[in-house]
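Novice: Contents of target.txt (compact mmCIF, C-alpha atoms) are given next:
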# COMPACT_ATOMS: atom_id res chain seq x y z
CA MET D 1 61.80 -27.26 -9.46
CA LEU D 2 61.98 -26.74 -13.20
CA LEU D 3 59.72 -28.39 -15.77
CA MET D 4 62.05 -29.01 -18.70
CA PRO D 5 61.66 -30.63 -22.13
CA ILE D 6 63.47 -33.97 -22.17
CA ASN D 7 65.56 -32.83 -25.16
CA MET D 8 66.96 -29.97 -23.06
CA CYS D 9 68.01 -32.15 -20.12
CA HIS D 10 71.62 -33.20 -19.65
CA PRO D 11 73.59 -35.59 -17.42
CA GLY D 12 73.98 -34.50 -13.80
CA MET D 13 70.47 -33.11 -13.43
CA ARG D 14 68.34 -34.65 -10.68
CA LEU D 15 64.65 -35.52 -10.76
CA ALA D 16 62.27 -33.45 -8.66
CA LYS D 17 59.23 -35.72 -9.18
CA ASN D 18 58.76 -39.45 -9.66
CA ILE D 19 58.34 -40.98 -13.12
CA TYR D 20 55.92 -43.91 -13.36
CA ASN D 21 55.62 -46.89 -15.66
CA ASP D 22 52.44 -48.14 -17.29
CA ASP D 23 51.48 -50.08 -14.15
CA GLY D 24 51.65 -46.95 -12.01
CA MET D 25 54.85 -48.12 -10.31
CA VAL D 26 57.82 -45.80 -9.76
CA LEU D 27 60.30 -46.20 -12.60
CA LEU D 28 62.63 -43.38 -11.57
CA ALA D 29 62.32 -41.74 -8.17
CA VAL D 30 62.88 -38.25 -6.82
CA ASN D 31 66.60 -37.36 -6.49
CA VAL D 32 67.83 -39.77 -9.16
CA GLU D 33 70.75 -38.27 -11.07
CA LEU D 34 70.27 -38.44 -14.80
CA SER D 35 72.81 -40.01 -17.11
CA GLN D 36 72.73 -39.70 -20.89
CA ARG D 37 71.54 -43.32 -21.04
CA LEU D 38 68.57 -42.54 -18.79
CA ILE D 39 67.71 -39.40 -20.76
CA ASP D 40 67.77 -41.37 -24.02
CA ARG D 41 65.54 -44.07 -22.51
CA LEU D 42 63.00 -41.52 -21.25
CA PHE D 43 62.89 -39.95 -24.70
CA THR D 44 62.33 -43.39 -26.26
CA TYR D 45 59.53 -44.08 -23.77
CA GLY D 46 57.66 -41.00 -24.96
CA ILE D 47 58.18 -38.75 -21.93
CA ASP D 48 58.17 -35.14 -23.08
CA TYR D 49 58.88 -33.15 -19.90
CA ILE D 50 60.39 -33.93 -16.51
CA TYR D 51 60.74 -31.96 -13.29
CA ILE D 52 64.33 -31.12 -12.43
CA GLN D 53 65.72 -29.91 -9.09
CA ASP D 54 67.24 -26.44 -9.08
CA SER D 55 68.52 -24.48 -6.09
CA ARG D 56 66.95 -21.23 -7.30
CA THR D 57 63.46 -22.67 -7.45
CA ASN D 58 63.19 -24.96 -4.41
CA ASP D 59 60.14 -23.03 -3.20
CA ILE D 60 58.15 -23.78 -6.36
CA ILE D 61 56.20 -26.97 -5.76
CA GLN D 62 53.49 -28.31 -8.01
CA GLU D 63 50.68 -29.93 -6.02
CA ASP D 64 48.95 -32.71 -7.94
CA VAL D 65 45.16 -32.52 -7.97
CA ILE D 66 44.99 -36.29 -8.49
CA GLN D 67 46.69 -38.57 -5.97
CA ASP D 68 49.15 -41.19 -7.23
CA GLU D 69 46.94 -43.92 -5.75
CA THR D 70 43.94 -42.66 -7.71
CA ARG D 71 45.75 -42.49 -11.04
CA THR D 72 47.38 -45.89 -10.53
CA LYS D 73 44.05 -47.56 -9.76
CA ALA D 74 42.37 -45.86 -12.72
CA VAL D 75 45.10 -46.88 -15.19
CA LEU D 76 45.11 -50.48 -13.97
CA GLU D 77 41.31 -50.76 -14.15
CA ILE D 78 41.12 -49.33 -17.66
CA ARG D 79 44.02 -51.49 -18.84
CA ASN D 80 42.53 -54.71 -17.42
CA THR D 81 39.10 -53.89 -18.87
CA PHE D 82 40.37 -52.99 -22.33
CA LYS D 83 42.60 -56.08 -22.48
CA LYS D 84 39.66 -58.29 -21.52
CA VAL D 85 37.55 -56.78 -24.30
CA MET D 86 40.42 -57.31 -26.77
CA GLU D 87 40.72 -60.96 -25.76
CA ASP D 88 36.97 -61.46 -26.09
CA SER D 89 37.02 -60.15 -29.64
CA ASN D 90 37.84 -63.62 -30.91
CA LYS D 91 34.93 -65.27 -29.10
CA ARG D 92 31.80 -66.21 -30.98
CA GLY D 93 28.42 -64.86 -29.98
CA ALA D 94 27.45 -62.01 -27.68
CA VAL D 95 29.75 -61.16 -24.78
CA ASN D 96 28.47 -59.36 -21.68
CA TYR D 97 30.49 -57.00 -19.50
CA TYR D 98 28.36 -56.76 -16.38
CA ASP D 99 31.34 -55.78 -14.24
CA ILE D 100 32.51 -52.77 -16.25
CA GLY D 101 30.32 -50.17 -14.54
CA ARG D 102 30.67 -51.77 -11.13
CA ASN D 103 34.47 -52.01 -11.36
CA PHE D 104 34.80 -48.31 -12.16
CA ARG D 105 32.52 -46.94 -9.44
CA ASP D 106 35.37 -46.77 -6.94
CA VAL D 107 37.61 -45.11 -9.53
CA MET D 108 34.96 -42.48 -10.25
CA LYS D 109 34.54 -41.79 -6.53
CA MET D 110 38.29 -41.36 -6.05
CA ILE D 111 38.69 -38.98 -9.01
CA ILE D 112 35.65 -36.90 -8.03
CA ASP D 113 36.81 -36.71 -4.39
CA ASP D 114 40.34 -35.66 -5.41
CA LEU D 115 39.13 -32.95 -7.79
CA SER D 116 36.43 -31.72 -5.38
CA ALA D 117 39.18 -31.11 -2.80
CA HIS D 118 40.97 -28.80 -5.27
CA GLN D 119 38.11 -26.91 -6.88
CA GLY D 120 40.01 -23.63 -7.03
CA ALA D 121 43.12 -25.17 -8.56
CA MET D 122 44.10 -25.12 -12.20
CA VAL D 123 44.70 -28.58 -13.60
CA MET D 124 48.13 -29.65 -14.88
CA LEU D 125 48.30 -33.26 -16.07
CA ASN D 126 51.99 -33.78 -16.64
CA ASN D 127 53.26 -36.19 -19.28
CA MET D 128 55.60 -38.00 -16.86
CA ASN D 129 54.46 -41.56 -17.34
CA VAL D 130 55.99 -44.12 -19.67
CA LYS D 131 53.72 -44.52 -22.67
CA ASP D 132 53.70 -48.30 -23.07
CA ASN D 133 50.13 -47.85 -24.20
CA TYR D 134 48.81 -44.40 -25.04
CA LEU D 135 45.20 -45.56 -24.90
CA PHE D 136 45.16 -46.26 -21.15
CA GLN D 137 46.74 -43.00 -20.00
CA HIS D 138 44.67 -40.99 -22.48
CA SER D 139 41.41 -42.51 -21.21
CA VAL D 140 42.26 -41.58 -17.63
CA ASN D 141 43.34 -38.05 -18.57
CA VAL D 142 40.12 -37.43 -20.51
CA SER D 143 38.08 -38.61 -17.52
CA ILE D 144 39.96 -36.28 -15.16
CA TYR D 145 39.50 -33.29 -17.45
CA ALA D 146 35.81 -34.05 -18.02
CA ILE D 147 35.02 -34.46 -14.30
CA MET D 148 36.94 -31.26 -13.50
CA LEU D 149 34.79 -29.38 -16.03
CA GLY D 150 31.63 -31.04 -14.75
CA ILE D 151 32.39 -29.90 -11.21
CA SER D 152 32.99 -26.34 -12.43
CA PHE D 153 29.79 -26.48 -14.49
CA GLY D 154 27.80 -27.50 -11.40
CA TYR D 155 26.75 -31.05 -12.24
CA SER D 156 25.31 -33.26 -9.50
CA ARG D 157 27.34 -36.16 -8.13
CA GLU D 158 25.27 -38.60 -10.18
CA ASN D 159 25.88 -36.66 -13.38
CA LEU D 160 29.58 -36.40 -12.60
CA GLU D 161 29.77 -40.19 -12.33
CA THR D 162 27.90 -40.60 -15.63
CA LEU D 163 30.11 -38.04 -17.40
CA GLY D 164 33.30 -39.47 -15.87
CA LEU D 165 32.37 -43.02 -16.84
CA GLY D 166 31.58 -41.95 -20.40
CA ALA D 167 34.91 -40.11 -20.59
CA LEU D 168 36.89 -43.02 -19.15
CA LEU D 169 35.34 -45.48 -21.62
CA HIS D 170 34.98 -43.17 -24.62
CA ASP D 171 37.66 -45.04 -26.59
CA ILE D 172 36.75 -48.60 -25.57
CA GLY D 173 35.74 -49.23 -29.18
CA LYS D 174 39.41 -49.02 -30.20
CA THR D 175 39.82 -52.46 -28.64
CA LYS D 176 38.04 -53.74 -31.78
CA VAL D 177 40.33 -51.87 -34.21
CA PRO D 178 43.39 -53.81 -35.50
CA LEU D 179 46.61 -52.87 -33.69
CA GLY D 180 48.33 -52.29 -37.02
CA ILE D 181 45.97 -49.39 -37.63
CA LEU D 182 46.09 -48.01 -34.08
CA ARG D 183 49.89 -47.96 -34.01
CA LYS D 184 50.61 -47.04 -37.63
CA PRO D 185 53.33 -44.34 -37.63
CA SER D 186 52.26 -42.83 -40.95
CA GLN D 187 49.09 -41.49 -42.49
CA LEU D 188 46.19 -43.94 -42.64
CA THR D 189 44.76 -45.01 -45.96
CA GLU D 190 41.14 -44.16 -46.69
CA GLN D 191 40.10 -47.71 -45.84
CA GLU D 192 42.12 -47.70 -42.61
CA PHE D 193 40.67 -44.35 -41.56
CA THR D 194 37.15 -45.66 -42.16
CA GLU D 195 37.91 -48.59 -39.86
CA MET D 196 39.41 -46.23 -37.24
CA LYS D 197 36.25 -44.12 -37.28
CA ASN D 198 34.23 -47.24 -36.55
CA HIS D 199 35.61 -47.25 -32.99
CA THR D 200 32.80 -44.89 -31.98
CA THR D 201 30.11 -47.34 -33.05
CA TYR D 202 32.04 -50.31 -31.67
CA GLY D 203 32.25 -48.58 -28.30
CA PHE D 204 28.56 -47.73 -28.20
CA ASN D 205 27.64 -51.32 -29.04
CA ILE D 206 29.85 -52.61 -26.21
CA LEU D 207 28.35 -50.26 -23.61
CA LYS D 208 24.73 -49.60 -24.57
CA ASP D 209 23.14 -52.75 -23.14
CA GLU D 210 25.26 -53.12 -20.02
CA PRO D 211 23.10 -52.72 -16.88
CA ASN D 212 25.83 -50.87 -14.92
CA ILE D 213 26.58 -48.36 -17.68
CA PRO D 214 24.25 -45.34 -18.06
CA LEU D 215 23.07 -44.88 -21.65
CA LEU D 216 24.42 -41.30 -21.58
CA SER D 217 27.89 -42.74 -20.90
CA ALA D 218 27.52 -45.02 -23.92
CA HIS D 219 26.60 -41.98 -26.03
CA CYS D 220 29.92 -40.38 -25.06
CA ALA D 221 31.63 -43.29 -26.84
CA LEU D 222 29.35 -42.88 -29.86
CA GLN D 223 29.41 -39.09 -30.23
CA HIS D 224 32.77 -37.80 -28.95
CA HIS D 225 33.95 -37.21 -32.54
CA GLU D 226 30.78 -35.39 -33.60
CA ARG D 227 31.21 -31.63 -34.11
CA ILE D 228 28.59 -28.92 -33.77
CA ASN D 229 28.87 -27.88 -37.43
CA GLY D 230 28.14 -31.45 -38.57
CA SER D 231 31.70 -32.17 -39.75
CA GLY D 232 32.27 -35.03 -37.30
CA TYR D 233 31.47 -38.74 -37.29
CA PRO D 234 29.95 -41.33 -37.23
CA ARG D 235 26.62 -39.65 -38.13
CA GLY D 236 27.55 -36.03 -38.86
CA ILE D 237 24.95 -34.68 -36.43
CA GLN D 238 24.96 -31.01 -35.41
CA GLY D 239 24.45 -28.61 -32.49
CA THR D 240 21.96 -29.69 -29.86
CA ASP D 241 21.58 -33.13 -31.47
CA ILE D 242 24.93 -33.96 -29.87
CA ASN D 243 24.67 -35.00 -26.23
CA GLU D 244 26.09 -32.36 -23.87
CA PHE D 245 28.29 -34.90 -22.08
CA ALA D 246 29.68 -36.07 -25.43
CA LYS D 247 30.57 -32.45 -26.29
CA TRP D 248 32.65 -32.15 -23.09
CA VAL D 249 34.36 -35.46 -23.82
CA GLY D 250 35.03 -34.52 -27.45
CA LEU D 251 36.63 -31.24 -26.38
CA VAL D 252 39.01 -32.69 -23.78
CA ASP D 253 39.73 -35.76 -25.94
CA SER D 254 41.04 -33.40 -28.65
CA TYR D 255 43.10 -31.40 -26.15
CA ASP D 256 44.75 -34.42 -24.52
CA ALA D 257 45.50 -36.00 -27.89
CA MET D 258 47.18 -32.79 -29.07
CA THR D 259 49.32 -32.43 -25.92
CA THR D 260 50.55 -36.04 -25.84
CA THR D 261 53.36 -37.64 -27.85
CA ARG D 262 52.05 -39.79 -30.70
CA VAL D 263 53.93 -42.11 -33.02
CA TYR D 264 53.40 -39.69 -35.92
CA ARG D 265 54.05 -36.25 -34.35
CA ARG D 266 55.44 -34.26 -31.44
CA PRO D 267 53.07 -33.03 -28.73
CA LEU D 268 51.77 -29.48 -28.68
CA LEU D 269 52.34 -27.33 -25.63
CA PRO D 270 49.18 -26.53 -23.64
CA HIS D 271 48.89 -22.97 -24.96
CA GLU D 272 49.39 -24.19 -28.54
CA ALA D 273 46.63 -26.80 -28.14
CA MET D 274 44.31 -24.22 -26.59
CA GLU D 275 44.87 -21.91 -29.57
CA GLN D 276 43.84 -24.73 -31.91
CA LEU D 277 40.69 -25.40 -29.86
CA PHE D 278 39.74 -21.73 -30.01
CA GLY D 279 40.28 -21.88 -33.76
CA GLY D 280 37.34 -24.30 -33.83
CA SER D 281 35.20 -22.29 -31.41
CA GLY D 282 31.61 -22.03 -32.57
CA THR D 283 32.16 -24.42 -35.47
CA MET D 284 33.64 -27.61 -34.08
CA TYR D 285 33.37 -26.97 -30.34
CA ASP D 286 30.94 -25.11 -28.12
CA GLN D 287 32.36 -21.66 -27.37
CA SER D 288 31.21 -21.55 -23.73
CA GLN D 289 32.69 -24.98 -23.06
CA ILE D 290 36.08 -23.94 -24.46
CA ALA D 291 36.02 -20.76 -22.35
CA LEU D 292 35.41 -22.76 -19.17
CA PHE D 293 38.13 -25.24 -20.10
CA ARG D 294 40.61 -22.41 -20.73
CA ASP D 295 39.94 -21.02 -17.26
CA LYS D 296 40.62 -24.37 -15.58
CA ILE D 297 43.79 -25.42 -17.43
CA ALA D 298 47.29 -24.18 -16.65
CA ILE D 299 48.30 -23.41 -20.22
CA TYR D 300 51.73 -22.40 -18.93
CA PRO D 301 52.39 -25.10 -16.30
CA LEU D 302 54.07 -24.26 -13.02
CA GLY D 303 57.85 -24.59 -13.28
CA ILE D 304 58.07 -24.52 -17.08
CA THR D 305 61.06 -22.63 -18.49
CA VAL D 306 60.17 -19.67 -20.69
CA ARG D 307 61.72 -16.90 -22.71
CA LEU D 308 60.14 -13.45 -22.58
CA ASN D 309 59.87 -10.99 -25.46
CA THR D 310 62.44 -8.90 -23.59
CA GLY D 311 64.98 -11.68 -24.22
CA GLU D 312 65.13 -12.67 -20.56
CA PHE D 313 64.78 -16.27 -19.40
CA GLY D 314 62.87 -17.53 -16.41
CA ILE D 315 60.28 -19.98 -15.15
CA VAL D 316 56.59 -19.81 -14.36
CA SER D 317 56.59 -19.46 -10.58
CA LYS D 318 52.89 -18.83 -9.89
CA LEU D 319 49.62 -19.14 -11.76
CA ASN D 320 47.08 -16.38 -12.20
CA VAL D 321 43.74 -18.15 -11.82
CA THR D 322 41.78 -15.20 -13.23
CA VAL D 323 44.16 -14.69 -16.19
CA PRO D 324 45.58 -18.13 -17.08
CA HIS D 325 47.61 -16.91 -20.07
CA ARG D 326 49.40 -14.25 -17.98
CA PRO D 327 51.24 -16.10 -15.16
CA ILE D 328 53.92 -14.81 -12.79
CA VAL D 329 57.44 -15.45 -14.12
CA ARG D 330 60.60 -15.58 -12.04
CA VAL D 331 63.39 -14.11 -14.17
CA LEU D 332 66.64 -16.03 -13.68
CA GLN D 333 68.80 -14.88 -16.60
CA ASP D 334 69.18 -11.66 -18.53
CA GLU D 335 68.79 -11.37 -22.29
CA SER D 336 72.40 -12.50 -22.85
CA GLY D 337 71.90 -15.67 -20.80
CA GLN D 338 73.85 -14.45 -17.77
CA GLU D 339 72.49 -15.67 -14.45
CA LEU D 340 71.10 -12.94 -12.21
CA LYS D 341 72.48 -12.66 -8.70
CA GLU D 342 69.07 -11.58 -7.49
CA PRO D 343 66.22 -13.15 -9.49
CA TYR D 344 62.98 -11.17 -9.55
CA GLU D 345 59.38 -11.86 -10.50
CA ILE D 346 57.16 -10.27 -13.11
CA ASP D 347 53.38 -10.50 -12.92
CA LEU D 348 52.41 -10.65 -16.57
CA SER D 349 48.79 -9.82 -15.70
CA THR D 350 49.91 -6.32 -14.70
CA LYS D 351 52.90 -5.80 -17.00
CA LEU D 352 51.03 -6.14 -20.28
CA SER D 353 53.91 -5.20 -22.56
CA THR D 354 55.87 -8.29 -21.46
CA LEU D 355 54.93 -11.59 -23.10
CA ILE D 356 56.04 -15.20 -23.14
CA SER D 357 57.61 -15.62 -26.57
CA GLU D 358 58.69 -19.25 -26.38
CA ILE D 359 59.55 -22.15 -24.14
CA GLY D 360 63.24 -21.53 -23.53
CA GLU D 361 66.27 -23.40 -22.30
CA ILE D 362 67.98 -22.03 -19.20
CA LYS D 363 71.05 -23.12 -17.28
CA VAL D 364 70.23 -25.21 -14.22
CA GLY D 365 71.62 -23.90 -10.96
CA GLU D 366 73.75 -25.68 -8.39
CA PHE D 367 72.13 -28.73 -6.79
CA GLU D 368 72.69 -29.20 -3.09
CA PRO D 369 71.86 -32.78 -2.07
CA ASP D 370 69.28 -33.42 0.62
CA GLU D 371 70.47 -36.43 2.60
CA SER D 372 66.88 -37.19 3.67
CA MET D 373 65.95 -38.06 0.07
CA PRO D 374 67.41 -41.46 -0.92
CA THR D 375 68.11 -42.42 -4.49
CA ILE D 376 65.69 -45.22 -5.45
CA PHE D 377 65.15 -47.11 -8.71
What is this structure when it is put down as structure tokens?
Specialist:
Amino acid sequence: MLLMPINMCHPGMRLAKNIYNDDGMVLLAVNVELSQRLIDRLFTYGIDYIYIQDSRTNDIIQEDVIQDETRTKAVLEIRNTFKKVMEDSNKRGAVNYYDIGRNFRDVMKMIIDDLSAHQGAMVMLNNMNVKDNYLFQHSVNVSIYAIMLGISFGYSRENLETLGLGALLHDIGKTKVPLGILRKPSQLTEQEFTEMKNHTTYGFNILKDEPNIPLLSAHCALQHHERINGSGYPRGIQGTDINEFAKWVGLVDSYDAMTTTRVYRRPLLPHEAMEQLFGGSGTMYDQSQIALFRDKIAIYPLGITVRLNTGEFGIVSKLNVTVPHRPIVRVLQDESGQELKEPYEIDLSTKLSTLISEIGEIKVGEFEPDESMPTIF
């Protein structure tokens, strides 16, 4: 399979992985043939990359570290919870959310179990879900990243649940921010930005007194925009004054926001986002935390099409766990764009003079239908 930018896809290509809607239901299934109308709709829905079938790469299969059932349940739980909080915003007096922690215990268990079964894997969270509401998908992604890092860091099961819950609910305070501000496609005014920053305090106030929410989880909502040099908000605290769990959540929150389509900008590719994080190493983010995150993220995802500094085109066919930025590339076309009769692979961890220069467009090979795979909408 090939992982291709949606703006490089063309009619006649066939999907190699399902695309889901905001409810976690299959919108377009494996083996669907793309038309220009479908491509345009996917672009409108905010889907950046899709997996395409290609006869030269049938052996390259990306195994998801999170099961579809787990992600679907997590998205539905976070959506239902956030919508309930939004609806309660108009009620007078104090509102209690005794069920929040209890409702997410099963979700935390499922995510932790899925990630624990793939501890040696590098995480690739693909942007192949319709973005009817960025907030829900983002919350789930941040929780997955945070738990993955917590497992690698050696946290106990109890701490993983606390960290994961704080990550999943870190943006719950945005339910109190006017939608006009959340969805504004242009730069916020100073007054609007002040209100947006209040989501950290709103979130803490929602969570801090709930009996099923650990106080450390509530502090993830309060402090995930704090930075170690004191440049963050809401209080501008520094270094060790910031809760360790909140530092993890702040790091992966920034990464996922950068790599996801927003109304006001295109998404960054994983390696571009990682470069920006390292630019804030030691000032905004903890250097050791960034280093661990780098080692667990596939900054060049499996199947993505690339151009090498030699001019050749190919795809990432295997990941190098010990050297994430130097994957194995299967070269499919020469520097003039001619397809090779016999593709070959280059291990960039050993051939140091060869580099990935850009994400490149390549011609998709012949598709041979598999009659065992029905076309389903």
Novice: Rounded to one decimal in Å, what is the spacing between CA of Tyr255 (chain D) and CA of Gln276 (chain D)?
Specialist: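 One can read the CA of Tyr255 (chain D) to CA of Gln276 (chain D) distance as 8.8 Å.
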Novice: Which distance in Å separates CA of Gly311 (chain D) and CA of Asn7 (chain D), to one decimal?
Specialist: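 Pair CA of Gly311 (chain D) / CA of Asn7 (chain D) returns 21.2 Å.
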Novice: Taking only residues of region 96-214 of chain D that have an atom at most 12 Å from an atom of region 75-91 of chain D, what is each one's shortest atom pair and its distance in Å to one decimal, using all atoms listed in the file, in chain and number order, as JSON lines?
Specialist:
{"residue": "D:Asn96", "atom": "CA", "partner": "D:Val85", "partner_atom": "CA", "distance": 9.8}
{"residue": "D:Tyr97", "atom": "CA", "partner": "D:Val85", "partner_atom": "CA", "distance": 8.5}
{"residue": "D:Tyr98", "atom": "CA", "partner": "D:Thr81", "partner_atom": "CA", "distance": 11.4}
{"residue": "D:Asp99", "atom": "CA", "partner": "D:Thr81", "partner_atom": "CA", "distance": 9.2}
{"residue": "D:Ile100", "atom": "CA", "partner": "D:Thr81", "partner_atom": "CA", "distance": 7.2}
{"residue": "D:Gly101", "atom": "CA", "partner": "D:Thr81", "partner_atom": "CA", "distance": 10.5}
{"residue": "D:Arg102", "atom": "CA", "partner": "D:Glu77", "partner_atom": "CA", "distance": 11.1}
{"residue": "D:Asn103", "atom": "CA", "partner": "D:Glu77", "partner_atom": "CA", "distance": 7.5}
{"residue": "D:Phe104", "atom": "CA", "partner": "D:Glu77", "partner_atom": "CA", "distance": 7.2}
{"residue": "D:Arg105", "atom": "CA", "partner": "D:Glu77", "partner_atom": "CA", "distance": 10.7}
{"residue": "D:Asp106", "atom": "CA", "partner": "D:Glu77", "partner_atom": "CA", "distance": 10.2}
{"residue": "D:Val107", "atom": "CA", "partner": "D:Glu77", "partner_atom": "CA", "distance": 8.2}
{"residue": "D:Met108", "atom": "CA", "partner": "D:Glu77", "partner_atom": "CA", "distance": 11.1}
{"residue": "D:Ile111", "atom": "CA", "partner": "D:Val75", "partner_atom": "CA", "distance": 11.9}
{"residue": "D:Asn129", "atom": "CA", "partner": "D:Val75", "partner_atom": "CA", "distance": 11.0}
{"residue": "D:Lys131", "atom": "CA", "partner": "D:Val75", "partner_atom": "CA", "distance": 11.7}
{"residue": "D:Asp132", "atom": "CA", "partner": "D:Arg79", "partner_atom": "CA", "distance": 11.0}
{"residue": "D:Asn133", "atom": "CA", "partner": "D:Arg79", "partner_atom": "CA", "distance": 8.9}
{"residue": "D:Tyr134", "atom": "CA", "partner": "D:Arg79", "partner_atom": "CA", "distance": 10.6}
{"residue": "D:Leu135", "atom": "CA", "partner": "D:Arg79", "partner_atom": "CA", "distance": 8.6}
{"residue": "D:Phe136", "atom": "CA", "partner": "D:Arg79", "partner_atom": "CA", "distance": 5.8}
{"residue": "D:Gln137", "atom": "CA", "partner": "D:Val75", "partner_atom": "CA", "distance": 6.4}
{"residue": "D:His138", "atom": "CA", "partner": "D:Val75", "partner_atom": "CA", "distance": 9.4}
{"residue": "D:Ser139", "atom": "CA", "partner": "D:Ile78", "partner_atom": "CA", "distance": 7.7}
{"residue": "D:Val140", "atom": "CA", "partner": "D:Val75", "partner_atom": "CA", "distance": 6.5}
{"residue": "D:Asn141", "atom": "CA", "partner": "D:Val75", "partner_atom": "CA", "distance": 9.6}
{"residue": "D:Val142", "atom": "CA", "partner": "D:Val75", "partner_atom": "CA", "distance": 11.9}
{"residue": "D:Ser143", "atom": "CA", "partner": "D:Val75", "partner_atom": "CA", "distance": 11.1}
{"residue": "D:Ile144", "atom": "CA", "partner": "D:Val75", "partner_atom": "CA", "distance": 11.8}
{"residue": "D:Leu165", "atom": "CA", "partner": "D:Ile78", "partner_atom": "CA", "distance": 10.8}
{"residue": "D:Ala167", "atom": "CA", "partner": "D:Ile78", "partner_atom": "CA", "distance": 11.5}
{"residue": "D:Leu168", "atom": "CA", "partner": "D:Ile78", "partner_atom": "CA", "distance": 7.7}
{"residue": "D:Leu169", "atom": "CA", "partner": "D:Ile78", "partner_atom": "CA", "distance": 8.0}
{"residue": "D:His170", "atom": "CA", "partner": "D:Ile78", "partner_atom": "CA", "distance": 11.1}
{"residue": "D:Asp171", "atom": "CA", "partner": "D:Phe82", "partner_atom": "CA", "distance": 9.4}
{"residue": "D:Ile172", "atom": "CA", "partner": "D:Phe82", "partner_atom": "CA", "distance": 6.5}
{"residue": "D:Gly173", "atom": "CA", "partner": "D:Phe82", "partner_atom": "CA", "distance": 9.1}
{"residue": "D:Lys174", "atom": "CA", "partner": "D:Phe82", "partner_atom": "CA", "distance": 8.9}
{"residue": "D:Thr175", "atom": "CA", "partner": "D:Met86", "partner_atom": "CA", "distance": 5.2}
{"residue": "D:Lys176", "atom": "CA", "partner": "D:Met86", "partner_atom": "CA", "distance": 6.6}
{"residue": "D:Val177", "atom": "CA", "partner": "D:Met86", "partner_atom": "CA", "distance": 9.2}
{"residue": "D:Pro178", "atom": "CA", "partner": "D:Met86", "partner_atom": "CA", "distance": 9.9}
{"residue": "D:Leu179", "atom": "CA", "partner": "D:Met86", "partner_atom": "CA", "distance": 10.3}
{"residue": "D:Tyr202", "atom": "CA", "partner": "D:Ser89", "partner_atom": "CA", "distance": 11.2}
{"residue": "D:Gly203", "atom": "CA", "partner": "D:Val85", "partner_atom": "CA", "distance": 10.6}
{"residue": "D:Ile206", "atom": "CA", "partner": "D:Val85", "partner_atom": "CA", "distance": 9.0}
{"residue": "D:Leu207", "atom": "CA", "partner": "D:Val85", "partner_atom": "CA", "distance": 11.3}
Novice: Record the distance separating CA of His225 (chain D) and CA of Ser152 (chain D), expressed in Å with one decimal.
Specialist: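 One can read the CA of His225 (chain D) to CA of Ser152 (chain D) distance as 22.9 Å.
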Novice: Using all atoms listed in the file, which residues sit within 7 Å of region 298-304 of chain D once same-chain residues fewer than 5 positions away are excluded, as an MDAnalysis selection string?
Specialist: chainID D and resid 1:4 60 62 122:124 270:271 315:319 324:325
